[in-house]
Amino acid sequence: MQALPNLFLVGPMGTGKSTIGRTLAAELQRDFFDSDHVIEQRCGCNIPWIFDVEGEAGFRLREAQVIDEITRYQGIVLATGGGAVMHPTNRRLLRERGVVIYLSTTVEQQLKRTSRDRNRPLLQCADPEQRLRELLEMRDPLYRDTATLIVSTDRRSPRSVVAEIRRRTRRYAGSVSRSCCSDLSGYSL
Ligand code: S3P
């Protein structure tokens, strides 16, 4: 019997990856992982501390290790950090080991969802809006290049986004099974 395909969520800060990932995993009765939480658990400290002590480069190294490890699991839902797609190896592993869903949103929504948060070192700056715009400009092509599906979360409830992901992954699985060798159509998506 084939293993269930993994579902990997990518996208910028404040797009709802963790909330949507948790809801999606609960509905599909799958295990859920959030790469940022795994990094924090392993290290015993939070992300701002890692950025302070090891710099962004140290954080990216930890992130790459965690992504390589977790993407080897089967039948899981994984929410990745917003910068995970910057590393070419992460992009390749995500693409090779699961169905990648890009959760997209507007910078306005990102700002709303992150404005009171102190746990994102890249936004502790004079102009977070400008920072979010720059990051999106740089990373949007990478999210698109990595993703199988793009789903907007803009002004939508997690339940509605999850319903769309389930519908579209089912359709995607059906088209893959019709057009090529692997039969994904029997999976619980
Ligand atoms: C980052 C996004 C964060 C976290 C870290 C760096 C980024 O994750 O990994 O602060 O580079 O965009 P979220 O996207 O879950 O906020």
# chains A, B, ... in the order shown; residues from 1 in each chain; ligands from 1
>>> residues_near_ligand(ligand="ligand 1", cutoff="6 Å", atoms="only C-alpha atoms and all ligand atoms", output="PyMOL selection string")
chain A and resi 12-14+36+81-83+120-121
>>> residues_around(residues="A:His87", least_positions_apart="5", cutoff="9 Å", atoms="only C-alpha atoms", output="compact mmCIF listing (two decimals) with N, CA, C and O atoms, in the first residue's frame")
# COMPACT_ATOMS: atom_id res chain seq x y z
N ARG A 60 18.89 29.64 9.88
CA ARG A 60 18.62 28.96 8.60
C ARG A 60 19.21 27.55 8.57
O ARG A 60 18.66 26.65 7.95
N ALA A 64 17.02 24.27 8.01
CA ALA A 64 17.28 23.30 6.93
C ALA A 64 17.35 21.87 7.50
O ALA A 64 16.84 20.92 6.90
N ARG A 92 13.80 21.96 -2.97
CA ARG A 92 13.82 20.66 -3.65
C ARG A 92 13.19 19.57 -2.78
O ARG A 92 12.36 18.79 -3.23
>>> residues_around(residues="A:Gln110", least_positions_apart="3", cutoff="10 Å", atoms="only C-alpha atoms", output="PyMOL selection string")
chain A and resi 12-16+104-107+113-115+128-129+132-133+154
>>> write_last_selection(atoms="N, CA, C and O atoms", output="PDB file, in the first residue's frame")
ATOM      1  N   PRO A  12       4.364  33.593   3.252  1.00  0.00           N
ATOM      2  CA  PRO A  12       4.997  34.607   4.112  1.00  0.00           C
ATOM      3  C   PRO A  12       4.458  34.637   5.544  1.00  0.00           C
ATOM      4  O   PRO A  12       3.433  34.013   5.837  1.00  0.00           O
ATOM      5  N   MET A  13       5.141  35.365   6.389  1.00  0.00           N
ATOM      6  CA  MET A  13       4.701  35.556   7.782  1.00  0.00           C
ATOM      7  C   MET A  13       3.292  36.129   7.803  1.00  0.00           C
ATOM      8  O   MET A  13       2.973  37.017   7.003  1.00  0.00           O
ATOM      9  N   GLY A  14       2.468  35.609   8.701  1.00  0.00           N
ATOM     10  CA  GLY A  14       1.136  36.183   8.871  1.00  0.00           C
ATOM     11  C   GLY A  14       0.139  35.768   7.797  1.00  0.00           C
ATOM     12  O   GLY A  14      -0.905  36.399   7.650  1.00  0.00           O
ATOM     13  N   THR A  15       0.435  34.704   7.089  1.00  0.00           N
ATOM     14  CA  THR A  15      -0.533  34.253   6.081  1.00  0.00           C
ATOM     15  C   THR A  15      -1.462  33.183   6.643  1.00  0.00           C
ATOM     16  O   THR A  15      -2.425  32.771   5.998  1.00  0.00           O
ATOM     17  N   GLY A  16      -1.148  32.715   7.863  1.00  0.00           N
ATOM     18  CA  GLY A  16      -2.037  31.748   8.531  1.00  0.00           C
ATOM     19  C   GLY A  16      -1.583  30.298   8.412  1.00  0.00           C
ATOM     20  O   GLY A  16      -2.374  29.387   8.608  1.00  0.00           O
ATOM     21  N   SER A 104      -1.155  32.382   0.060  1.00  0.00           N
ATOM     22  CA  SER A 104      -0.804  33.762  -0.283  1.00  0.00           C
ATOM     23  C   SER A 104      -1.777  34.729   0.385  1.00  0.00           C
ATOM     24  O   SER A 104      -2.927  34.379   0.675  1.00  0.00           O
ATOM     25  N   THR A 105      -1.295  35.946   0.632  1.00  0.00           N
ATOM     26  CA  THR A 105      -2.165  36.983   1.168  1.00  0.00           C
ATOM     27  C   THR A 105      -1.592  38.349   0.820  1.00  0.00           C
ATOM     28  O   THR A 105      -0.521  38.440   0.228  1.00  0.00           O
ATOM     29  N   THR A 106      -2.301  39.400   1.210  1.00  0.00           N
ATOM     30  CA  THR A 106      -1.799  40.743   0.930  1.00  0.00           C
ATOM     31  C   THR A 106      -0.890  41.200   2.074  1.00  0.00           C
ATOM     32  O   THR A 106      -0.986  40.694   3.196  1.00  0.00           O
ATOM     33  N   VAL A 107      -0.044  42.184   1.777  1.00  0.00           N
ATOM     34  CA  VAL A 107       0.822  42.741   2.824  1.00  0.00           C
ATOM     35  C   VAL A 107      -0.039  43.375   3.923  1.00  0.00           C
ATOM     36  O   VAL A 107       0.303  43.304   5.108  1.00  0.00           O
ATOM     37  N   ARG A 113      -1.987  40.753  10.965  1.00  0.00           N
ATOM     38  CA  ARG A 113      -1.809  39.521  11.735  1.00  0.00           C
ATOM     39  C   ARG A 113      -0.502  39.487  12.523  1.00  0.00           C
ATOM     40  O   ARG A 113      -0.348  38.649  13.403  1.00  0.00           O
ATOM     41  N   THR A 114       0.442  40.348  12.171  1.00  0.00           N
ATOM     42  CA  THR A 114       1.750  40.278  12.850  1.00  0.00           C
ATOM     43  C   THR A 114       2.043  41.509  13.706  1.00  0.00           C
ATOM     44  O   THR A 114       3.094  41.551  14.354  1.00  0.00           O
ATOM     45  N   SER A 115       1.118  42.470  13.723  1.00  0.00           N
ATOM     46  CA  SER A 115       1.466  43.778  14.310  1.00  0.00           C
ATOM     47  C   SER A 115       1.838  43.716  15.796  1.00  0.00           C
ATOM     48  O   SER A 115       2.668  44.480  16.259  1.00  0.00           O
ATOM     49  N   PRO A 128       7.979  47.885   9.386  1.00  0.00           N
ATOM     50  CA  PRO A 128       7.647  46.483   9.071  1.00  0.00           C
ATOM     51  C   PRO A 128       6.912  46.326   7.741  1.00  0.00           C
ATOM     52  O   PRO A 128       7.100  45.321   7.042  1.00  0.00           O
ATOM     53  N   GLU A 129       6.107  47.313   7.381  1.00  0.00           N
ATOM     54  CA  GLU A 129       5.361  47.191   6.114  1.00  0.00           C
ATOM     55  C   GLU A 129       6.331  47.118   4.932  1.00  0.00           C
ATOM     56  O   GLU A 129       6.217  46.262   4.049  1.00  0.00           O
ATOM     57  N   LEU A 132       8.028  43.786   4.889  1.00  0.00           N
ATOM     58  CA  LEU A 132       7.171  42.720   4.350  1.00  0.00           C
ATOM     59  C   LEU A 132       7.080  42.806   2.832  1.00  0.00           C
ATOM     60  O   LEU A 132       7.091  41.785   2.134  1.00  0.00           O
ATOM     61  N   ARG A 133       7.012  44.040   2.317  1.00  0.00           N
ATOM     62  CA  ARG A 133       6.933  44.210   0.854  1.00  0.00           C
ATOM     63  C   ARG A 133       8.215  43.712   0.184  1.00  0.00           C
ATOM     64  O   ARG A 133       8.173  43.024  -0.837  1.00  0.00           O
ATOM     65  N   ASP A 154      -6.650  35.527   2.008  1.00  0.00           N
ATOM     66  CA  ASP A 154      -6.995  36.918   2.260  1.00  0.00           C
ATOM     67  C   ASP A 154      -8.443  37.080   2.735  1.00  0.00           C
ATOM     68  O   ASP A 154      -9.375  36.748   1.992  1.00  0.00           O
TER      69      ASP A 154
END
>>> closest_atom_pairs(of="stretch 11-128 of chain A", to="stretch 141-149 of chain A", cutoff="10 Å", atoms="only C-alpha atoms", output="tab-separated table")
residue	atom	partner	partner_atom	distance
A:Gly11	CA	A:Tyr143	CA	6.4
A:Pro12	CA	A:Tyr143	CA	8.8
A:Gly82	CA	A:Tyr143	CA	9.3
A:Gly83	CA	A:Tyr143	CA	9.6
A:Ala84	CA	A:Tyr143	CA	9.5
A:Val85	CA	A:Leu142	CA	6.2
A:Met86	CA	A:Leu142	CA	7.1
A:His87	CA	A:Leu142	CA	9.6
A:Pro88	CA	A:Leu142	CA	9.2
A:Asn90	CA	A:Thr146	CA	9.4
A:Arg91	CA	A:Thr146	CA	5.8
A:Arg92	CA	A:Thr146	CA	7.7
A:Leu93	CA	A:Thr146	CA	9.6
A:Leu94	CA	A:Thr146	CA	7.4
A:Arg95	CA	A:Thr146	CA	6.1
A:Glu96	CA	A:Thr146	CA	9.8
A:Gly98	CA	A:Thr148	CA	9.3
A:Val99	CA	A:Thr148	CA	6.1
A:Val100	CA	A:Ala147	CA	4.6
A:Ile101	CA	A:Leu149	CA	4.9
A:Tyr102	CA	A:Ala147	CA	5.6
A:Leu103	CA	A:Leu149	CA	8.7
A:Ser104	CA	A:Tyr143	CA	9.0
>>> write_last_selection(atoms="N, CA, C and O atoms", output="compact mmCIF listing (two decimals), in the first residue's frame")
# COMPACT_ATOMS: atom_id res chain seq x y z
N GLY A 11 4.69 30.03 2.55
CA GLY A 11 4.09 31.37 2.39
C GLY A 11 4.67 32.32 3.42
O GLY A 11 5.37 31.90 4.34
N PRO A 12 4.36 33.59 3.25
CA PRO A 12 5.00 34.61 4.11
C PRO A 12 4.46 34.64 5.54
O PRO A 12 3.43 34.01 5.84
N GLY A 82 8.36 31.38 6.99
CA GLY A 82 8.24 32.18 5.76
C GLY A 82 9.50 32.23 4.91
O GLY A 82 9.42 32.44 3.69
N GLY A 83 10.68 32.00 5.52
CA GLY A 83 11.91 32.09 4.76
C GLY A 83 12.47 30.75 4.33
O GLY A 83 13.55 30.68 3.72
N ALA A 84 11.74 29.68 4.61
CA ALA A 84 12.27 28.34 4.33
C ALA A 84 12.57 28.15 2.84
O ALA A 84 13.51 27.43 2.48
N VAL A 85 11.80 28.80 1.98
CA VAL A 85 11.98 28.60 0.53
C VAL A 85 13.24 29.27 -0.02
O VAL A 85 13.57 29.09 -1.19
N MET A 86 13.92 30.06 0.81
CA MET A 86 15.13 30.73 0.30
C MET A 86 16.25 29.74 0.00
O MET A 86 17.10 30.00 -0.83
N HIS A 87 16.26 28.65 0.73
CA HIS A 87 17.33 27.67 0.57
C HIS A 87 16.94 26.69 -0.55
O HIS A 87 15.91 26.02 -0.45
N PRO A 88 17.76 26.60 -1.62
CA PRO A 88 17.38 25.72 -2.74
C PRO A 88 17.16 24.26 -2.33
O PRO A 88 16.28 23.60 -2.87
N ASN A 90 15.98 23.19 0.54
CA ASN A 90 14.64 23.10 1.15
C ASN A 90 13.57 23.03 0.06
O ASN A 90 12.64 22.24 0.15
N ARG A 91 13.72 23.87 -0.95
CA ARG A 91 12.71 23.88 -2.02
C ARG A 91 12.64 22.52 -2.71
O ARG A 91 11.57 21.99 -2.96
N ARG A 92 13.80 21.96 -2.97
CA ARG A 92 13.82 20.66 -3.65
C ARG A 92 13.19 19.57 -2.78
O ARG A 92 12.36 18.79 -3.23
N LEU A 93 13.55 19.56 -1.49
CA LEU A 93 13.02 18.52 -0.60
C LEU A 93 11.51 18.64 -0.46
O LEU A 93 10.78 17.64 -0.45
N LEU A 94 11.03 19.88 -0.35
CA LEU A 94 9.58 20.08 -0.21
C LEU A 94 8.87 19.57 -1.46
O LEU A 94 7.87 18.85 -1.37
N ARG A 95 9.41 19.94 -2.63
CA ARG A 95 8.79 19.51 -3.89
C ARG A 95 8.81 17.99 -4.06
O ARG A 95 7.84 17.40 -4.50
N GLU A 96 9.94 17.39 -3.68
CA GLU A 96 10.10 15.95 -3.91
C GLU A 96 9.29 15.11 -2.93
O GLU A 96 8.93 13.98 -3.23
N GLY A 98 6.39 15.91 -1.09
CA GLY A 98 4.99 16.15 -0.77
C GLY A 98 4.31 17.09 -1.75
O GLY A 98 4.90 17.51 -2.75
N VAL A 99 3.07 17.39 -1.44
CA VAL A 99 2.30 18.38 -2.21
C VAL A 99 2.50 19.71 -1.49
O VAL A 99 2.21 19.82 -0.29
N VAL A 100 3.01 20.72 -2.21
CA VAL A 100 3.33 22.00 -1.57
C VAL A 100 2.21 23.01 -1.88
O VAL A 100 1.86 23.20 -3.05
N ILE A 101 1.71 23.63 -0.83
CA ILE A 101 0.62 24.60 -1.00
C ILE A 101 1.12 25.97 -0.56
O ILE A 101 1.56 26.15 0.59
N TYR A 102 1.06 26.91 -1.47
CA TYR A 102 1.47 28.30 -1.18
C TYR A 102 0.24 29.05 -0.67
O TYR A 102 -0.72 29.24 -1.41
N LEU A 103 0.28 29.45 0.59
CA LEU A 103 -0.79 30.27 1.15
C LEU A 103 -0.42 31.73 0.93
O LEU A 103 0.55 32.23 1.52
N SER A 104 -1.16 32.38 0.06
CA SER A 104 -0.80 33.76 -0.28
C SER A 104 -1.78 34.73 0.38
O SER A 104 -2.93 34.38 0.67
>>> residues_around(residues="A:Arg118", least_positions_apart="6", cutoff="12 Å", atoms="only C-alpha atoms", output="number ranges by chain")
A: 46-49, 124-125, 128
>>> write_last_selection(atoms="all heavy atoms", output="PDB file, in the first residue's frame")
ATOM      1  N   ASN A  46      13.709  30.587  22.166  1.00  0.00           N
ATOM      2  CA  ASN A  46      12.810  31.052  21.108  1.00  0.00           C
ATOM      3  C   ASN A  46      13.578  31.623  19.903  1.00  0.00           C
ATOM      4  O   ASN A  46      14.798  31.802  19.940  1.00  0.00           O
ATOM      5  CB  ASN A  46      11.769  32.035  21.659  1.00  0.00           C
ATOM      6  CG  ASN A  46      12.403  33.286  22.208  1.00  0.00           C
ATOM      7  OD1 ASN A  46      13.544  33.612  21.876  1.00  0.00           O
ATOM      8  ND2 ASN A  46      11.688  33.995  23.064  1.00  0.00           N
ATOM      9  N   ILE A  47      12.824  31.916  18.838  1.00  0.00           N
ATOM     10  CA  ILE A  47      13.464  32.339  17.585  1.00  0.00           C
ATOM     11  C   ILE A  47      14.237  33.660  17.744  1.00  0.00           C
ATOM     12  O   ILE A  47      15.365  33.770  17.242  1.00  0.00           O
ATOM     13  CB  ILE A  47      12.420  32.366  16.451  1.00  0.00           C
ATOM     14  CG1 ILE A  47      12.058  30.907  16.137  1.00  0.00           C
ATOM     15  CG2 ILE A  47      12.947  33.070  15.206  1.00  0.00           C
ATOM     16  CD1 ILE A  47      10.960  30.720  15.148  1.00  0.00           C
ATOM     17  N   PRO A  48      13.692  34.670  18.441  1.00  0.00           N
ATOM     18  CA  PRO A  48      14.488  35.896  18.617  1.00  0.00           C
ATOM     19  C   PRO A  48      15.845  35.618  19.265  1.00  0.00           C
ATOM     20  O   PRO A  48      16.865  36.208  18.894  1.00  0.00           O
ATOM     21  CB  PRO A  48      13.598  36.764  19.517  1.00  0.00           C
ATOM     22  CG  PRO A  48      12.213  36.310  19.217  1.00  0.00           C
ATOM     23  CD  PRO A  48      12.319  34.837  18.952  1.00  0.00           C
ATOM     24  N   TRP A  49      15.853  34.693  20.225  1.00  0.00           N
ATOM     25  CA  TRP A  49      17.121  34.363  20.898  1.00  0.00           C
ATOM     26  C   TRP A  49      18.093  33.739  19.887  1.00  0.00           C
ATOM     27  O   TRP A  49      19.272  34.091  19.845  1.00  0.00           O
ATOM     28  CB  TRP A  49      16.852  33.397  22.064  1.00  0.00           C
ATOM     29  CG  TRP A  49      18.056  33.159  22.943  1.00  0.00           C
ATOM     30  CD1 TRP A  49      18.393  33.825  24.078  1.00  0.00           C
ATOM     31  CD2 TRP A  49      19.087  32.176  22.733  1.00  0.00           C
ATOM     32  NE1 TRP A  49      19.576  33.328  24.595  1.00  0.00           N
ATOM     33  CE2 TRP A  49      20.020  32.313  23.792  1.00  0.00           C
ATOM     34  CE3 TRP A  49      19.318  31.199  21.768  1.00  0.00           C
ATOM     35  CZ2 TRP A  49      21.150  31.519  23.904  1.00  0.00           C
ATOM     36  CZ3 TRP A  49      20.464  30.409  21.878  1.00  0.00           C
ATOM     37  CH2 TRP A  49      21.361  30.573  22.935  1.00  0.00           C
ATOM     38  N   GLN A 124      11.095  43.315  13.573  1.00  0.00           N
ATOM     39  CA  GLN A 124      11.429  44.271  14.641  1.00  0.00           C
ATOM     40  C   GLN A 124      12.291  45.378  14.025  1.00  0.00           C
ATOM     41  O   GLN A 124      13.493  45.467  14.265  1.00  0.00           O
ATOM     42  CB  GLN A 124      12.160  43.583  15.801  1.00  0.00           C
ATOM     43  CG  GLN A 124      11.431  42.372  16.376  1.00  0.00           C
ATOM     44  CD  GLN A 124       9.951  42.620  16.622  1.00  0.00           C
ATOM     45  OE1 GLN A 124       9.576  43.538  17.340  1.00  0.00           O
ATOM     46  NE2 GLN A 124       9.092  41.814  16.010  1.00  0.00           N
ATOM     47  N   CYS A 125      11.672  46.211  13.221  1.00  0.00           N
ATOM     48  CA  CYS A 125      12.406  47.263  12.515  1.00  0.00           C
ATOM     49  C   CYS A 125      11.515  48.492  12.448  1.00  0.00           C
ATOM     50  O   CYS A 125      10.344  48.439  12.833  1.00  0.00           O
ATOM     51  CB  CYS A 125      12.798  46.786  11.117  1.00  0.00           C
ATOM     52  SG  CYS A 125      11.378  46.336  10.111  1.00  0.00           S
ATOM     53  N   PRO A 128       7.979  47.885   9.386  1.00  0.00           N
ATOM     54  CA  PRO A 128       7.647  46.483   9.071  1.00  0.00           C
ATOM     55  C   PRO A 128       6.912  46.326   7.741  1.00  0.00           C
ATOM     56  O   PRO A 128       7.100  45.321   7.042  1.00  0.00           O
ATOM     57  CB  PRO A 128       6.742  46.042  10.224  1.00  0.00           C
ATOM     58  CG  PRO A 128       6.861  47.074  11.274  1.00  0.00           C
ATOM     59  CD  PRO A 128       7.398  48.324  10.659  1.00  0.00           C
TER      60      PRO A 128
END
>>> select_by_dssp(residues="stretch 110-177 of chain A", states="strand (DSSP E or B)", output="list of chain:residue names")
A:Leu149, A:Ile150, A:Val151, A:Ser152
>>> closest_residue(among="A:Leu4, A:Val10, A:Ala173, A:Leu111", to="A:Arg131", atoms="only C-alpha atoms")
A:Leu111
